[in-house]
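K.L.:
Sharing entry.cif, mmCIF, C-alpha atoms:
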```cif
data_run
#
loop_
_atom_site.label_atom_id
_atom_site.label_comp_id
_atom_site.auth_asym_id
_atom_site.auth_seq_id
_atom_site.Cartn_x
_atom_site.Cartn_y
_atom_site.Cartn_z
CA MET A 1 115.74 61.13 82.55
CA ALA A 2 118.26 62.55 85.04
CA ILE A 3 118.86 65.35 87.52
CA GLN A 4 120.39 68.53 86.14
CA VAL A 5 122.69 70.27 88.62
CA LYS A 6 123.67 73.93 88.20
CA TYR A 7 126.28 76.15 89.88
CA PHE A 8 126.53 79.92 89.89
CA ALA A 9 128.93 82.77 90.60
CA SER A 10 131.89 82.08 92.92
CA LEU A 11 130.80 78.47 93.40
CA LYS A 12 130.78 77.89 89.64
CA GLU A 13 134.31 79.33 89.42
CA ARG A 14 135.53 77.24 92.32
CA LEU A 15 134.18 74.02 90.83
CA GLY A 16 135.43 74.99 87.38
CA ARG A 17 132.10 74.12 85.71
CA ASP A 18 128.54 75.43 85.61
CA ALA A 19 126.62 72.16 85.53
CA ASP A 20 126.59 68.42 86.18
CA GLU A 21 124.16 65.67 85.41
CA VAL A 22 123.25 62.99 87.93
CA SER A 23 121.80 59.84 86.41
CA ALA A 24 118.35 58.56 87.27
CA GLU A 25 119.97 55.33 88.43
CA ALA A 26 121.62 57.09 91.37
CA ILE A 27 118.11 57.78 92.64
CA SER A 28 116.54 54.45 91.83
CA ASN A 29 119.37 52.56 93.53
CA GLY A 30 118.99 54.67 96.70
CA LYS A 31 122.38 56.45 96.55
CA ILE A 32 120.67 59.85 96.35
CA SER A 33 117.53 61.10 98.05
CA THR A 34 118.24 64.71 99.10
CA VAL A 35 119.84 67.87 97.73
CA GLU A 36 122.74 67.32 100.11
CA ASP A 37 123.29 63.84 98.65
CA ILE A 38 123.59 65.45 95.23
CA TRP A 39 126.23 67.85 96.57
CA ASN A 40 128.24 65.05 98.11
CA MET A 41 128.15 63.05 94.91
CA VAL A 42 129.18 65.84 92.51
CA VAL A 43 131.92 67.50 94.57
CA ASN A 44 133.72 64.38 95.73
CA GLY A 45 133.47 64.74 99.46
CA GLU A 46 134.14 68.47 99.92
CA SER A 47 131.70 69.86 102.49
CA MET A 48 129.12 72.44 101.44
CA PRO A 49 130.24 76.03 102.27
CA VAL A 50 128.22 77.37 105.22
CA ASN A 51 126.20 79.96 103.30
CA THR A 52 125.48 77.92 100.20
CA LEU A 53 121.90 78.28 98.95
CA CYS A 54 120.02 75.41 97.34
CA ALA A 55 117.10 75.34 94.92
CA ILE A 56 114.98 72.64 93.32
CA ASN A 57 113.11 73.59 90.14
CA LEU A 58 113.74 77.34 90.67
CA GLU A 59 112.47 77.39 94.29
CA TYR A 60 114.64 77.74 97.40
CA VAL A 61 114.87 74.54 99.48
CA LYS A 62 116.87 73.33 102.46
CA PRO A 63 119.70 70.84 101.92
CA ASP A 64 117.57 68.00 103.32
CA ALA A 65 114.83 68.50 100.69
CA ALA A 66 113.99 65.37 98.67
CA VAL A 67 114.92 65.22 94.98
CA LYS A 68 113.31 63.17 92.26
CA ASP A 69 114.14 62.20 88.71
CA GLY A 70 113.79 65.15 86.31
CA ASP A 71 114.49 67.84 88.91
CA GLU A 72 116.78 70.80 88.31
CA VAL A 73 118.93 71.31 91.40
CA ALA A 74 121.03 74.45 91.91
CA PHE A 75 123.77 75.51 94.34
CA PHE A 76 124.93 79.09 94.73
CA PRO A 77 126.52 81.59 97.16
CA PRO A 78 124.59 84.34 99.02
CA VAL A 79 122.95 86.71 96.52
CA THR A 80 124.19 90.26 95.97
CA GLY A 81 121.79 91.87 93.48
CA GLY A 82 119.98 95.21 93.51
CA MET B 1 105.59 151.32 108.62
CA ALA B 2 102.70 148.95 109.30
CA ILE B 3 101.78 145.29 109.66
CA GLN B 4 100.77 143.48 106.46
CA VAL B 5 98.11 140.82 107.02
CA LYS B 6 97.51 138.05 104.47
CA TYR B 7 94.76 135.44 104.07
CA PHE B 8 94.78 132.30 101.96
CA ALA B 9 92.47 129.70 100.45
CA SER B 10 89.03 129.19 102.07
CA LEU B 11 89.76 131.86 104.67
CA LYS B 12 90.53 134.40 101.95
CA GLU B 13 87.25 133.54 100.22
CA ARG B 14 85.28 133.77 103.46
CA LEU B 15 86.72 137.18 104.30
CA GLY B 16 86.29 138.36 100.72
CA ARG B 17 89.83 139.79 100.53
CA ASP B 18 93.41 138.53 100.52
CA ALA B 19 95.09 141.17 102.65
CA ASP B 20 94.72 143.95 105.21
CA GLU B 21 97.08 146.53 106.63
CA VAL B 22 97.24 147.31 110.33
CA SER B 23 98.78 150.67 111.14
CA ALA B 24 101.87 151.04 113.27
CA GLU B 25 99.84 153.20 115.63
CA ALA B 26 97.69 150.24 116.70
CA ILE B 27 100.90 148.73 118.07
CA SER B 28 102.38 151.84 119.58
CA ASN B 29 99.16 152.67 121.38
CA GLY B 30 98.99 149.16 122.86
CA LYS B 31 95.83 147.98 121.08
CA ILE B 32 97.76 145.16 119.42
CA SER B 33 100.53 142.99 120.80
CA THR B 34 99.86 139.43 119.50
CA VAL B 35 98.80 137.65 116.32
CA GLU B 36 95.43 136.98 117.93
CA ASP B 37 94.96 140.72 118.53
CA ILE B 38 95.52 141.27 114.81
CA TRP B 39 92.82 138.70 114.00
CA ASN B 40 90.35 140.31 116.36
CA MET B 41 90.98 143.75 114.89
CA VAL B 42 90.66 142.79 111.22
CA VAL B 43 87.68 140.43 111.38
CA ASN B 44 85.46 142.53 113.65
CA GLY B 45 84.94 140.17 116.54
CA GLU B 46 84.44 136.84 114.71
CA SER B 47 86.35 134.12 116.55
CA MET B 48 89.26 132.39 114.84
CA PRO B 49 88.24 129.01 113.31
CA VAL B 50 89.67 126.15 115.40
CA ASN B 51 92.22 124.91 112.87
CA THR B 52 93.46 128.27 111.64
CA LEU B 53 97.22 128.42 111.17
CA CYS B 54 99.21 131.58 111.83
CA ALA B 55 102.58 132.79 110.54
CA ILE B 56 104.81 135.78 111.17
CA ASN B 57 107.37 136.61 108.49
CA LEU B 58 106.88 133.24 106.74
CA GLU B 59 107.35 131.14 109.91
CA TYR B 60 104.62 129.26 111.77
CA VAL B 61 103.73 130.81 115.15
CA LYS B 62 101.08 130.32 117.81
CA PRO B 63 98.23 132.87 118.12
CA ASP B 64 99.81 134.35 121.25
CA ALA B 65 103.08 135.19 119.46
CA ALA B 66 104.11 138.86 119.71
CA VAL B 67 103.99 141.06 116.62
CA LYS B 68 106.03 144.16 115.88
CA ASP B 69 105.90 146.95 113.36
CA GLY B 70 106.96 145.83 109.87
CA ASP B 71 105.90 142.19 110.36
CA GLU B 72 103.99 140.19 107.75
CA VAL B 73 101.26 138.20 109.51
CA ALA B 74 99.31 135.43 107.76
CA PHE B 75 96.22 133.38 108.56
CA PHE B 76 95.24 130.25 106.64
CA PRO B 77 93.35 126.94 106.94
CA PRO B 78 95.01 123.50 107.33
CA VAL B 79 97.28 122.78 104.38
CA THR B 80 96.42 120.20 101.72
CA GLY B 81 99.39 120.10 99.33
CA GLY B 82 101.38 117.20 97.93
CA MET C 1 119.35 120.86 96.74
CA LYS C 2 116.63 122.24 94.52
CA ILE C 3 113.15 123.58 95.30
CA LEU C 4 110.82 124.62 92.51
CA ILE C 5 107.24 125.87 92.51
CA SER C 6 105.94 125.31 88.98
CA LYS C 7 102.99 127.20 87.52
CA THR C 8 102.95 124.95 84.47
CA PHE C 9 102.96 121.24 83.69
CA PHE C 10 106.22 119.42 84.41
CA ASP C 11 107.36 115.89 83.59
CA PRO C 12 108.60 114.43 86.90
CA TRP C 13 110.75 111.71 85.32
CA GLN C 14 112.48 114.10 82.95
CA ALA C 15 112.92 116.59 85.80
CA VAL C 16 114.58 113.97 88.04
CA GLU C 17 116.85 112.82 85.22
CA ALA C 18 117.82 116.37 84.26
CA TYR C 19 118.57 117.33 87.87
CA GLN C 20 120.57 114.12 88.37
CA GLU C 21 122.73 114.95 85.37
CA SER C 22 123.27 118.50 86.61
CA MET C 23 124.28 117.40 90.15
CA GLY C 24 127.79 116.42 89.14
CA LYS C 25 127.82 113.47 91.55
CA SER C 26 127.98 110.54 89.15
CA GLY C 27 129.46 107.40 90.66
CA GLN C 28 128.67 108.56 94.21
CA TYR C 29 125.01 107.70 94.59
CA GLY C 30 123.95 104.07 94.81
CA GLY C 31 120.33 104.70 95.70
CA THR C 32 117.71 107.17 94.49
CA ALA C 33 114.25 107.23 96.06
CA VAL C 34 111.51 109.15 94.28
CA PHE C 35 107.90 109.92 95.11
CA VAL C 36 105.54 111.36 92.53
CA GLY C 37 102.07 112.57 93.51
CA THR C 38 99.63 112.62 90.61
CA MET C 39 96.14 114.13 90.44
CA ARG C 40 93.47 111.44 90.52
CA ASP C 41 90.10 111.83 88.80
CA PHE C 42 88.24 110.94 92.00
CA ASN C 43 88.45 111.82 95.69
CA GLU C 44 86.33 110.54 98.55
CA GLY C 45 83.95 108.93 96.07
CA GLU C 46 83.36 111.94 93.82
CA ASP C 47 84.59 112.63 90.29
CA VAL C 48 87.05 115.51 90.13
CA LYS C 49 87.17 117.57 86.93
CA ASP C 50 90.09 119.82 87.76
CA MET C 51 91.83 121.41 90.71
CA GLU C 52 93.23 124.78 91.69
CA LEU C 53 96.37 124.71 93.78
CA GLU C 54 97.10 127.83 95.83
CA HIS C 55 100.25 128.48 97.83
CA TYR C 56 101.80 131.16 100.02
CA PRO C 57 104.60 132.57 97.82
CA GLY C 58 107.75 132.98 99.87
CA MET C 59 106.68 130.91 102.86
CA THR C 60 106.22 127.74 100.80
CA GLU C 61 109.71 127.91 99.30
CA LYS C 62 111.22 128.80 102.70
CA TYR C 63 109.50 125.84 104.37
CA LEU C 64 110.56 123.39 101.65
CA GLU C 65 114.17 124.59 101.94
CA GLU C 66 113.97 124.15 105.69
CA ILE C 67 112.82 120.52 105.51
CA SER C 68 115.38 119.78 102.76
CA ARG C 69 118.11 121.04 105.09
CA GLN C 70 116.64 119.01 107.96
CA ALA C 71 116.80 115.89 105.76
CA GLU C 72 120.48 116.60 105.05
CA ASP C 73 121.13 116.88 108.78
CA LYS C 74 119.25 113.70 109.68
CA TRP C 75 120.48 111.35 106.93
CA PRO C 76 123.71 110.94 104.91
CA ILE C 77 122.15 112.06 101.64
CA LEU C 78 123.94 113.55 98.64
CA ASP C 79 121.21 115.72 97.15
CA SER C 80 117.46 116.27 96.96
CA LEU C 81 114.88 117.75 94.63
CA ILE C 82 111.34 118.98 95.29
CA ILE C 83 109.05 120.30 92.55
CA HIS C 84 105.44 121.22 93.37
CA ARG C 85 102.81 122.41 90.93
CA VAL C 86 100.52 125.38 91.60
CA GLY C 87 97.64 126.87 89.58
CA LYS C 88 95.07 124.91 87.60
CA ILE C 89 95.74 121.17 87.38
CA LEU C 90 93.96 118.45 85.39
CA PRO C 91 93.51 114.79 86.34
CA ASP C 92 96.55 112.62 85.60
CA GLU C 93 98.92 115.59 85.81
CA PRO C 94 101.77 115.44 88.32
CA ILE C 95 101.36 117.56 91.46
CA VAL C 96 104.63 116.91 93.25
CA VAL C 97 107.92 115.09 92.88
CA VAL C 98 110.39 114.46 95.69
CA ALA C 99 113.71 112.78 94.87
CA VAL C 100 116.62 111.93 97.17
CA TRP C 101 120.07 110.64 96.21
CA SER C 102 122.28 108.75 98.66
CA ALA C 103 125.13 106.23 98.72
CA HIS C 104 122.77 103.59 100.15
CA ARG C 105 119.07 102.95 99.87
CA ALA C 106 117.85 103.22 103.47
CA ALA C 107 118.81 106.90 103.80
CA ALA C 108 117.31 107.70 100.38
CA PHE C 109 113.98 106.05 101.28
CA ASP C 110 113.78 107.52 104.77
CA ALA C 111 114.63 111.05 103.66
CA CYS C 112 112.21 110.87 100.73
CA GLN C 113 109.38 109.76 103.01
CA PHE C 114 110.27 112.43 105.55
CA LEU C 115 110.17 115.14 102.89
CA ILE C 116 106.81 114.17 101.40
CA ASP C 117 105.30 113.67 104.88
CA GLU C 118 106.50 117.09 106.08
CA LEU C 119 105.44 118.71 102.81
CA LYS C 120 101.94 117.23 103.06
CA SER C 121 101.44 118.11 106.70
CA LYS C 122 102.92 121.61 106.83
CA ALA C 123 103.88 123.23 103.50
CA PRO C 124 101.39 126.06 102.77
CA PHE C 125 99.54 124.66 99.74
CA TRP C 126 95.76 124.39 99.40
CA LYS C 127 93.70 122.38 96.93
CA LYS C 128 90.30 123.38 95.61
CA GLU C 129 88.59 120.69 93.57
CA THR C 130 86.01 121.22 90.84
CA LEU C 131 83.40 118.49 91.27
CA GLU C 132 80.12 117.83 89.44
CA SER C 133 78.38 119.60 92.30
CA GLY C 134 80.60 122.70 92.21
CA SER C 135 83.97 123.61 93.61
CA LYS C 136 85.14 122.73 97.09
CA TRP C 137 88.27 123.27 99.17
CA VAL C 138 89.88 119.98 100.15
CA GLU C 139 89.76 119.70 103.93
CA HIS C 140 91.56 116.47 104.69
CA ASN C 141 94.92 115.56 103.29
CA THR C 142 95.35 111.86 102.59
CA MET D 1 102.97 93.92 86.68
CA LYS D 2 106.18 93.81 84.70
CA ILE D 3 109.48 92.03 85.36
CA LEU D 4 112.42 92.54 83.03
CA ILE D 5 116.00 91.28 83.11
CA SER D 6 117.97 93.58 80.83
CA LYS D 7 121.27 92.60 79.23
CA THR D 8 121.83 96.13 78.00
CA PHE D 9 121.75 99.67 79.41
CA PHE D 10 118.30 101.01 80.29
CA ASP D 11 117.15 104.48 81.30
CA PRO D 12 115.15 103.97 84.52
CA TRP D 13 113.21 107.25 84.24
CA GLN D 14 112.18 106.65 80.66
CA ALA D 15 111.30 103.05 81.51
CA VAL D 16 109.04 104.13 84.40
CA GLU D 17 107.35 106.77 82.27
CA ALA D 18 106.84 104.39 79.34
CA TYR D 19 105.39 101.67 81.57
CA GLN D 20 103.14 104.20 83.32
CA GLU D 21 101.72 105.29 79.96
CA SER D 22 101.15 101.68 78.91
CA MET D 23 99.35 100.73 82.17
CA GLY D 24 96.07 102.34 81.13
CA LYS D 25 95.35 103.47 84.69
CA SER D 26 95.51 107.24 84.32
CA GLY D 27 93.52 109.14 86.92
CA GLN D 28 93.61 106.17 89.34
CA TYR D 29 97.05 106.46 90.90
CA GLY D 30 97.81 109.31 93.28
CA GLY D 31 101.19 108.05 94.44
CA THR D 32 104.17 106.49 92.69
CA ALA D 33 107.20 105.35 94.66
CA VAL D 34 110.38 104.55 92.77
CA PHE D 35 113.76 103.23 93.79
CA VAL D 36 116.72 103.27 91.42
CA GLY D 37 119.96 101.50 92.27
CA THR D 38 122.98 102.88 90.43
CA MET D 39 126.50 101.49 90.21
CA ARG D 40 128.92 103.51 92.31
CA ASP D 41 132.59 103.90 91.44
CA PHE D 42 133.66 102.78 94.91
CA ASN D 43 132.71 100.04 97.37
CA GLU D 44 134.06 99.41 100.85
CA GLY D 45 136.80 101.96 100.22
CA GLU D 46 138.08 100.63 96.89
CA ASP D 47 137.67 102.07 93.39
CA VAL D 48 135.50 99.94 91.16
CA LYS D 49 136.19 99.96 87.40
CA ASP D 50 133.32 97.80 86.23
CA MET D 51 131.12 94.98 87.38
CA GLU D 52 129.77 91.71 86.02
CA LEU D 53 126.25 90.83 87.10
CA GLU D 54 125.30 87.16 86.88
CA HIS D 55 121.82 85.73 87.46
CA TYR D 56 120.02 82.40 87.44
CA PRO D 57 117.85 82.60 84.30
CA GLY D 58 114.36 81.37 85.06
CA MET D 59 114.63 81.38 88.85
CA THR D 60 115.32 85.11 89.01
CA GLU D 61 112.25 86.00 86.94
CA LYS D 62 110.11 83.52 88.90
CA TYR D 63 111.23 84.95 92.22
CA LEU D 64 110.64 88.56 91.14
CA GLU D 65 107.13 87.64 89.94
CA GLU D 66 106.49 85.93 93.27
CA ILE D 67 107.42 89.00 95.35
CA SER D 68 105.46 91.27 92.99
CA ARG D 69 102.39 89.13 93.60
CA GLN D 70 103.08 89.17 97.35
CA ALA D 71 103.18 92.98 97.25
CA GLU D 72 99.81 93.02 95.49
CA ASP D 73 98.38 90.78 98.21
CA LYS D 74 99.81 92.83 101.08
CA TRP D 75 99.06 96.38 99.87
CA PRO D 76 96.33 98.03 97.77
CA ILE D 77 98.62 98.79 94.85
CA LEU D 78 97.61 99.30 91.22
CA ASP D 79 100.73 98.12 89.43
CA SER D 80 104.47 97.52 89.78
CA LEU D 81 107.57 97.38 87.63
CA ILE D 82 110.96 95.78 88.24
CA ILE D 83 113.87 96.02 85.80
CA HIS D 84 117.27 94.56 86.71
CA ARG D 85 120.42 94.72 84.66
CA VAL D 86 122.72 91.74 84.06
CA GLY D 87 126.04 91.40 82.24
CA LYS D 88 128.83 93.98 82.25
CA ILE D 89 128.00 97.27 83.97
CA LEU D 90 129.99 100.49 84.22
CA PRO D 91 130.00 103.01 87.10
CA ASP D 92 127.05 105.42 87.02
CA GLU D 93 124.89 102.97 85.06
CA PRO D 94 121.56 101.91 86.57
CA ILE D 95 121.42 98.40 88.05
CA VAL D 96 117.81 98.18 89.16
CA VAL D 97 114.57 100.13 89.15
CA VAL D 98 111.51 99.26 91.26
CA ALA D 99 108.34 101.33 90.79
CA VAL D 100 104.96 100.97 92.49
CA TRP D 101 101.72 102.80 91.68
CA SER D 102 98.92 103.19 94.21
CA ALA D 103 95.96 105.44 95.04
CA HIS D 104 97.77 106.70 98.14
CA ARG D 105 101.41 107.15 99.05
CA ALA D 106 101.84 104.88 102.08
CA ALA D 107 101.07 101.69 100.13
CA ALA D 108 103.31 102.79 97.25
CA PHE D 109 106.27 103.46 99.59
CA ASP D 110 105.80 100.31 101.67
CA ALA D 111 105.44 98.03 98.65
CA CYS D 112 108.42 99.63 96.89
CA GLN D 113 110.62 99.13 99.94
CA PHE D 114 109.37 95.56 100.37
CA LEU D 115 110.22 94.74 96.73
CA ILE D 116 113.76 96.14 96.80
CA ASP D 117 114.46 94.57 100.20
CA GLU D 118 113.25 91.13 99.05
CA LEU D 119 115.10 91.50 95.75
CA LYS D 120 118.36 92.37 97.51
CA SER D 121 118.11 89.61 100.09
CA LYS D 122 116.86 86.72 97.94
CA ALA D 123 116.75 87.24 94.17
CA PRO D 124 119.51 85.13 92.57
CA PHE D 125 121.88 87.81 91.27
CA TRP D 126 125.62 87.99 91.95
CA LYS D 127 128.02 90.88 91.49
CA LYS D 128 131.68 90.56 90.58
CA GLU D 129 133.60 93.79 90.77
CA THR D 130 136.73 94.70 88.83
CA LEU D 131 139.03 96.56 91.23
CA GLU D 132 142.55 97.91 90.80
CA SER D 133 143.76 94.76 92.54
CA GLY D 134 141.81 92.37 90.28
CA SER D 135 138.27 91.05 90.18
CA LYS D 136 136.35 89.95 93.24
CA TRP D 137 132.89 88.55 93.97
CA VAL D 138 130.90 90.88 96.22
CA GLU D 139 130.20 89.06 99.46
CA HIS D 140 128.08 91.46 101.45
CA ASN D 141 125.03 93.17 100.09
CA THR D 142 124.52 96.67 101.44
#
```
Any chance you could put this one into structure tokens?

P.N.:
Amino acid sequence: MAIQVKYFASLKERLGRDADEVSAEAISNGKISTVEDIWNMVVNGESMPVNTLCAINLEYVKPDAAVKDGDEVAFFPPVTGG
Amino acid sequence: MAIQVKYFASLKERLGRDADEVSAEAISNGKISTVEDIWNMVVNGESMPVNTLCAINLEYVKPDAAVKDGDEVAFFPPVTGG
Amino acid sequence: MKILISKTFFDPWQAVEAYQESMGKSGQYGGTAVFVGTMRDFNEGEDVKDMELEHYPGMTEKYLEEISRQAEDKWPILDSLIIHRVGKILPDEPIVVVAVWSAHRAAAFDACQFLIDELKSKAPFWKKETLESGSKWVEHNT
Amino acid sequence: MKILISKTFFDPWQAVEAYQESMGKSGQYGGTAVFVGTMRDFNEGEDVKDMELEHYPGMTEKYLEEISRQAEDKWPILDSLIIHRVGKILPDEPIVVVAVWSAHRAAAFDACQFLIDELKSKAPFWKKETLESGSKWVEHNT
């Protein structure tokens, strides 16, 4: 399996892509344990913008939430619907 | 001229009529000066039910409000619209 | 601003849409708050067959215009609509619709609630329900 | 309870009426509170030509169902409806409708306001406006 990573709105445009995949190995070898670790791996060291929101499997979580193989992790800017 | 008196809803049913006319003379001879005086004249001594609302010329007033010739005075129970 | 006392059935959703189109304010309003009061088939535990709605012609319209103007003074709203039914009403028929248009939602909500609260507590309307046991004037407004 | 993400234009008044008829609760609801959000042709002083509304498919629906269930737990409501537009939207087109049916008006108003407030502050939607000066992601929700 793997971890699917999704980006939305201005963050998607800034990164120039709407998704990444993080291999299951990165978890099993201890490189990744939280949502923040995912961020640091996929964006190559750029720090997370202050207001970035994080979700695991369609539920809001904090950046220190634990991830596991098979999760869908998402990063996006503050919402502006309605 | 004269004073037109109107009744609505349960009060109209209780009195058995929807209107009365009070002659201008009753004012000029000093028998009537307030809304409450009108009530006492038209209902023959029955006291005004506690929650009765009063209006002069389509505006809410208190029972001690002064009436003048040509006014339209109304009495009605608490409202239940909407 | 529109105030209408209707002696016949009206469709509140069509009425709101039609008034909105006639307002000539397209692109200006971002929020519309609407309240529709509908006749239920029960009240305080009893079945209601139908209802007679009486009003004080002249004073009712004057009062509704007054509170509509008060709403315009209190909140930055663009327009408002009040339609209230009178006469004989059957269960499931609309009794009242209050709609308020504004640039933002808070003013629309607040003004709409103000209008229906003021209407319910002071506009001269009276309901008489036909129950199994006979007809009865409604005494408490809920 | 109904949640719908619409990729095409919808008429909020017709949608509310159609859902109301399909609910099968006639005679039970005495109060319906509705909020409609419409696209304005200006925002923070600038003319807006059109807007692109993005969402997070799956999470958006899940979140809207969650708050609809929360509203049912918090207030004695009979039913609720949320429709939200996504994709390209033009000025004067509806963006969102929230409708709540209840026996009495206070619960309908409170639940309707709760739903639109929660939707605006947390449902994963994002607006990108096309202005004279180019396109720009909306940063502050009003």

K.L.:
Quick one: superpose chain A onto chain B using all C-alpha atoms paired in order, least squares, and give it to me as a JSON list (two decimals) with C-alpha atoms, keeping the file's coordinate frame.

P.N.:
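The resulting selection_16.json:
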```json
[["chain", "number", "residue", "atom", "x", "y", "z"],
["A", 1, "MET", "CA", 105.59, 151.33, 108.61],
["A", 2, "ALA", "CA", 102.69, 148.94, 109.30],
["A", 3, "ILE", "CA", 101.77, 145.28, 109.65],
["A", 4, "GLN", "CA", 100.78, 143.48, 106.47],
["A", 5, "VAL", "CA", 98.13, 140.82, 107.03],
["A", 6, "LYS", "CA", 97.51, 138.05, 104.48],
["A", 7, "TYR", "CA", 94.75, 135.44, 104.06],
["A", 8, "PHE", "CA", 94.76, 132.31, 101.95],
["A", 9, "ALA", "CA", 92.46, 129.69, 100.45],
["A", 10, "SER", "CA", 89.03, 129.18, 102.07],
["A", 11, "LEU", "CA", 89.75, 131.86, 104.67],
["A", 12, "LYS", "CA", 90.53, 134.41, 101.95],
["A", 13, "GLU", "CA", 87.24, 133.55, 100.23],
["A", 14, "ARG", "CA", 85.29, 133.78, 103.46],
["A", 15, "LEU", "CA", 86.71, 137.20, 104.30],
["A", 16, "GLY", "CA", 86.29, 138.35, 100.71],
["A", 17, "ARG", "CA", 89.83, 139.79, 100.55],
["A", 18, "ASP", "CA", 93.41, 138.53, 100.52],
["A", 19, "ALA", "CA", 95.08, 141.18, 102.65],
["A", 20, "ASP", "CA", 94.72, 143.94, 105.23],
["A", 21, "GLU", "CA", 97.07, 146.50, 106.63],
["A", 22, "VAL", "CA", 97.24, 147.30, 110.33],
["A", 23, "SER", "CA", 98.77, 150.67, 111.14],
["A", 24, "ALA", "CA", 101.86, 151.05, 113.27],
["A", 25, "GLU", "CA", 99.82, 153.21, 115.63],
["A", 26, "ALA", "CA", 97.71, 150.24, 116.69],
["A", 27, "ILE", "CA", 100.90, 148.75, 118.10],
["A", 28, "SER", "CA", 102.38, 151.87, 119.60],
["A", 29, "ASN", "CA", 99.14, 152.70, 121.40],
["A", 30, "GLY", "CA", 98.97, 149.18, 122.89],
["A", 31, "LYS", "CA", 95.82, 147.98, 121.07],
["A", 32, "ILE", "CA", 97.75, 145.15, 119.42],
["A", 33, "SER", "CA", 100.54, 142.98, 120.78],
["A", 34, "THR", "CA", 99.86, 139.44, 119.50],
["A", 35, "VAL", "CA", 98.80, 137.65, 116.32],
["A", 36, "GLU", "CA", 95.43, 136.99, 117.93],
["A", 37, "ASP", "CA", 94.98, 140.73, 118.53],
["A", 38, "ILE", "CA", 95.52, 141.27, 114.82],
["A", 39, "TRP", "CA", 92.82, 138.70, 114.03],
["A", 40, "ASN", "CA", 90.35, 140.32, 116.37],
["A", 41, "MET", "CA", 90.98, 143.74, 114.90],
["A", 42, "VAL", "CA", 90.68, 142.79, 111.21],
["A", 43, "VAL", "CA", 87.68, 140.45, 111.38],
["A", 44, "ASN", "CA", 85.47, 142.53, 113.64],
["A", 45, "GLY", "CA", 84.94, 140.17, 116.51],
["A", 46, "GLU", "CA", 84.44, 136.85, 114.70],
["A", 47, "SER", "CA", 86.36, 134.13, 116.54],
["A", 48, "MET", "CA", 89.27, 132.39, 114.84],
["A", 49, "PRO", "CA", 88.24, 129.01, 113.30],
["A", 50, "VAL", "CA", 89.67, 126.15, 115.39],
["A", 51, "ASN", "CA", 92.22, 124.91, 112.85],
["A", 52, "THR", "CA", 93.45, 128.27, 111.61],
["A", 53, "LEU", "CA", 97.23, 128.43, 111.17],
["A", 54, "CYS", "CA", 99.21, 131.58, 111.84],
["A", 55, "ALA", "CA", 102.57, 132.79, 110.55],
["A", 56, "ILE", "CA", 104.80, 135.78, 111.19],
["A", 57, "ASN", "CA", 107.36, 136.61, 108.49],
["A", 58, "LEU", "CA", 106.89, 133.23, 106.74],
["A", 59, "GLU", "CA", 107.36, 131.13, 109.91],
["A", 60, "TYR", "CA", 104.60, 129.27, 111.77],
["A", 61, "VAL", "CA", 103.72, 130.82, 115.15],
["A", 62, "LYS", "CA", 101.06, 130.32, 117.80],
["A", 63, "PRO", "CA", 98.25, 132.87, 118.12],
["A", 64, "ASP", "CA", 99.83, 134.34, 121.26],
["A", 65, "ALA", "CA", 103.10, 135.19, 119.45],
["A", 66, "ALA", "CA", 104.14, 138.86, 119.71],
["A", 67, "VAL", "CA", 104.01, 141.06, 116.60],
["A", 68, "LYS", "CA", 106.02, 144.16, 115.87],
["A", 69, "ASP", "CA", 105.90, 146.96, 113.35],
["A", 70, "GLY", "CA", 106.95, 145.80, 109.87],
["A", 71, "ASP", "CA", 105.90, 142.17, 110.35],
["A", 72, "GLU", "CA", 103.99, 140.17, 107.75],
["A", 73, "VAL", "CA", 101.27, 138.19, 109.51],
["A", 74, "ALA", "CA", 99.32, 135.42, 107.76],
["A", 75, "PHE", "CA", 96.21, 133.38, 108.56],
["A", 76, "PHE", "CA", 95.23, 130.25, 106.67],
["A", 77, "PRO", "CA", 93.33, 126.93, 106.92],
["A", 78, "PRO", "CA", 95.00, 123.50, 107.34],
["A", 79, "VAL", "CA", 97.29, 122.79, 104.37],
["A", 80, "THR", "CA", 96.43, 120.21, 101.72],
["A", 81, "GLY", "CA", 99.41, 120.08, 99.33],
["A", 82, "GLY", "CA", 101.39, 117.16, 97.92]]
```

K.L.:
Could you name the residues that touch region 17-33 of chain A at 9 Å or less, counting all atoms listed in the file, but leaving out those on the same chain fewer than 3 positions away, as a ChimeraX atom specification?

P.N.:
/A:1-9,11-14,36-38,41-42,64-70,74

K.L.:
Name the residues in contact with Ala111 (chain C) at a cut-off of 8 Å, using only C-alpha atoms, excluding same-chain residues fewer than 4 positions from it; report them as a short mmCIF file (atom, residue, chain, number, x, y, z; two decimals) with C-alpha atoms, in the coordinates of the input.

P.N.:
```
data_model
loop_
_atom_site.label_atom_id
_atom_site.label_comp_id
_atom_site.auth_asym_id
_atom_site.auth_seq_id
_atom_site.Cartn_x
_atom_site.Cartn_y
_atom_site.Cartn_z
CA ALA C 71 116.80 115.89 105.76
CA TRP C 75 120.48 111.35 106.93
CA ILE C 77 122.15 112.06 101.64
CA VAL C 100 116.62 111.93 97.17
CA ALA C 107 118.81 106.90 103.80
CA LEU C 115 110.17 115.14 102.89
#
```

K.L.:
Give me the result of the PyMOL selection byres ((chain C) within 12 of (chain A)) on this file, residue by residue, as a PyMOL selection string.

P.N.:
chain C and resi 30-31+104-105

K.L.:
Please, what distance in Å, to one decimal, runs between CA of Gly58 (chain D) and CA of Cys54 (chain A)?

P.N.:
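If I compute the distance from CA of Gly58 (chain D) to CA of Cys54 (chain A), I get 14.8 Å.
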